[in-house]
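Chemist: Have a peek at my_file-v2.pdb (PDB, C-alpha atoms).
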```
ATOM      1  CA  MET E   1      14.185 -26.640 -16.540
ATOM      2  CA  GLU E   2      16.644 -24.170 -15.008
ATOM      3  CA  LYS E   3      15.876 -21.484 -17.606
ATOM      4  CA  GLN E   4      12.157 -21.557 -16.823
ATOM      5  CA  LYS E   5      12.798 -20.900 -13.139
ATOM      6  CA  GLU E   6      15.109 -17.974 -13.896
ATOM      7  CA  ARG E   7      12.779 -16.448 -16.478
ATOM      8  CA  GLY E   8      10.021 -15.765 -13.952
ATOM      9  CA  LYS E   9      12.395 -14.604 -11.233
ATOM     10  CA  GLU E  10      11.948 -10.857 -11.814
ATOM     11  CA  VAL E  11       8.174 -11.005 -11.723
ATOM     12  CA  GLY E  12       6.946 -10.075  -8.269
ATOM     13  CA  GLU E  13      10.206  -8.562  -6.951
ATOM     14  CA  ASP E  14       8.350  -5.385  -6.002
ATOM     15  CA  LYS E  15       5.476  -6.457  -3.753
ATOM     16  CA  ASN E  16       2.971  -3.762  -4.758
ATOM     17  CA  ILE E  17       3.360  -1.997  -8.104
ATOM     18  CA  PHE E  18       0.793   0.651  -7.095
ATOM     19  CA  ALA E  19       2.889   1.756  -4.106
ATOM     20  CA  ASN E  20       4.323   4.983  -5.507
ATOM     21  CA  TYR E  21       3.680   7.456  -2.670
ATOM     22  CA  HIS E  22       6.595   8.302  -0.379
ATOM     23  CA  ASN E  23       5.687   7.249   3.166
ATOM     24  CA  VAL E  24       7.821   5.385   5.714
ATOM     25  CA  CYS E  25       5.986   2.361   7.121
ATOM     26  CA  LYS E  26       5.734   2.308  10.913
ATOM     27  CA  LYS E  27       5.930  -1.489  10.964
ATOM     28  CA  CYS E  28       8.747  -2.442   8.552
ATOM     29  CA  GLY E  29      10.356   0.872   7.487
ATOM     30  CA  TYR E  30       9.652   0.489   3.743
ATOM     31  CA  ASP E  31       9.472   3.905   2.046
ATOM     32  CA  LYS E  32       6.678   3.400  -0.524
ATOM     33  CA  ALA E  33       2.932   3.200   0.049
ATOM     34  CA  GLN E  34      -0.275   2.883  -1.938
ATOM     35  CA  ILE E  35      -3.022   5.443  -1.370
ATOM     36  CA  LEU E  36      -6.470   3.912  -0.870
ATOM     37  CA  ASP E  37      -9.503   6.202  -0.912
ATOM     38  CA  LEU E  38     -12.456   4.281   0.510
ATOM     39  CA  GLY E  39     -14.910   7.135   0.110
ATOM     40  CA  VAL E  40     -17.604   8.032   2.613
ATOM     41  CA  PHE E  41     -20.105   5.921   4.515
ATOM     42  CA  TYR E  42     -22.436   8.794   5.391
ATOM     43  CA  SER E  43     -22.853  12.141   3.629
ATOM     44  CA  ASP E  44     -21.525  14.216   6.543
ATOM     45  CA  GLU E  45     -18.231  12.292   6.906
ATOM     46  CA  ASP E  46     -14.840  12.936   5.338
ATOM     47  CA  ASN E  47     -13.316  10.423   2.937
ATOM     48  CA  LEU E  48     -11.530   7.487   4.534
ATOM     49  CA  ILE E  49      -7.960   7.537   3.181
ATOM     50  CA  LEU E  50      -5.469   4.780   3.972
ATOM     51  CA  LEU E  51      -1.771   4.412   3.196
ATOM     52  CA  LYS E  52      -0.968   0.754   2.547
ATOM     53  CA  CYS E  53       2.691  -0.321   2.746
ATOM     54  CA  GLY E  54       4.064  -1.682  -0.528
ATOM     55  CA  LYS E  55       6.072  -4.387   1.213
ATOM     56  CA  CYS E  56       4.238  -5.742   4.279
ATOM     57  CA  GLY E  57       0.688  -4.465   3.583
ATOM     58  CA  PHE E  58       0.345  -2.578   6.886
ATOM     59  CA  SER E  59      -2.325   0.149   6.551
ATOM     60  CA  GLU E  60      -2.543   3.392   8.457
ATOM     61  CA  ARG E  61      -5.309   5.953   8.379
ATOM     62  CA  VAL E  62      -4.636   9.505   7.218
ATOM     63  CA  GLY E  63      -6.450  12.611   8.475
ATOM     64  CA  ARG E  64      -8.331  11.321  11.479
ATOM     65  CA  LYS E  65     -11.057  13.751  12.393
ATOM     66  CA  VAL E  66     -12.246  13.768  15.978
ATOM     67  CA  SER E  67     -15.463  15.607  16.719
TER      68      SER E  67
END
```
Output the structure of this file as structure tokens.

Modeler:
Amino acid sequence: MEKQKERGKEVGEDKNIFANYHNVCKKCGYDKAQILDLGVFYSDEDNLILLKCGKCGFSERVGRKVS
């Protein structure tokens, strides 16, 4: 039984395998983030781009446009 518990130990050590962009999280300080491009809702808007922390999942918006 002990070997089965140890065999799966390494799986899931890194919380988010898609977090490969260097960005320091404002919430936990982790230095990797995943880039999420949510596209546009209307044709005259810019793309909605989020950086999601690879450890805690905190998301922050990039490139806020104020008109």

Chemist: Give the centre and edge lengths of an axis-aligned box, in Å to one decimal, that holds all listed atoms of segment 29-45 of chain E with 5 Å on each side, as AutoDock Vina command-line options.

Modeler:
```
--center_x -6.2 --center_y 7.4 --center_z 2.8 --size_x 43.2 --size_y 23.7 --size_z 19.4
```

Chemist: Name the residues captured by the PyMOL selection byres ((chain E and resi 24-35) around 9) when it is applied to the shown file; answer as an NGL selection string.

Modeler: :E and (16-23 or 36-37 or 49-60)

Chemist: What's the 9 Å shell around segment 45-48 of chain E, counting all atoms listed in the file, without same-chain residues fewer than 2 positions away, as a VMD selection string?

Modeler: chain E and resid 36 to 43 50 61 to 65

Chemist: May I have the residues from that selection written out with C-alpha atoms, as a short mmCIF file (atom, residue, chain, number, x, y, z; two decimals), in the coordinates of the input?

Modeler:
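Done, and the output landed in out-v1.cif:
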```
data_model
loop_
_atom_site.label_atom_id
_atom_site.label_comp_id
_atom_site.auth_asym_id
_atom_site.auth_seq_id
_atom_site.Cartn_x
_atom_site.Cartn_y
_atom_site.Cartn_z
CA LEU E 36 -6.47 3.91 -0.87
CA ASP E 37 -9.50 6.20 -0.91
CA LEU E 38 -12.46 4.28 0.51
CA GLY E 39 -14.91 7.14 0.11
CA VAL E 40 -17.60 8.03 2.61
CA PHE E 41 -20.10 5.92 4.51
CA TYR E 42 -22.44 8.79 5.39
CA SER E 43 -22.85 12.14 3.63
CA LEU E 50 -5.47 4.78 3.97
CA ARG E 61 -5.31 5.95 8.38
CA VAL E 62 -4.64 9.51 7.22
CA GLY E 63 -6.45 12.61 8.48
CA ARG E 64 -8.33 11.32 11.48
CA LYS E 65 -11.06 13.75 12.39
#
```
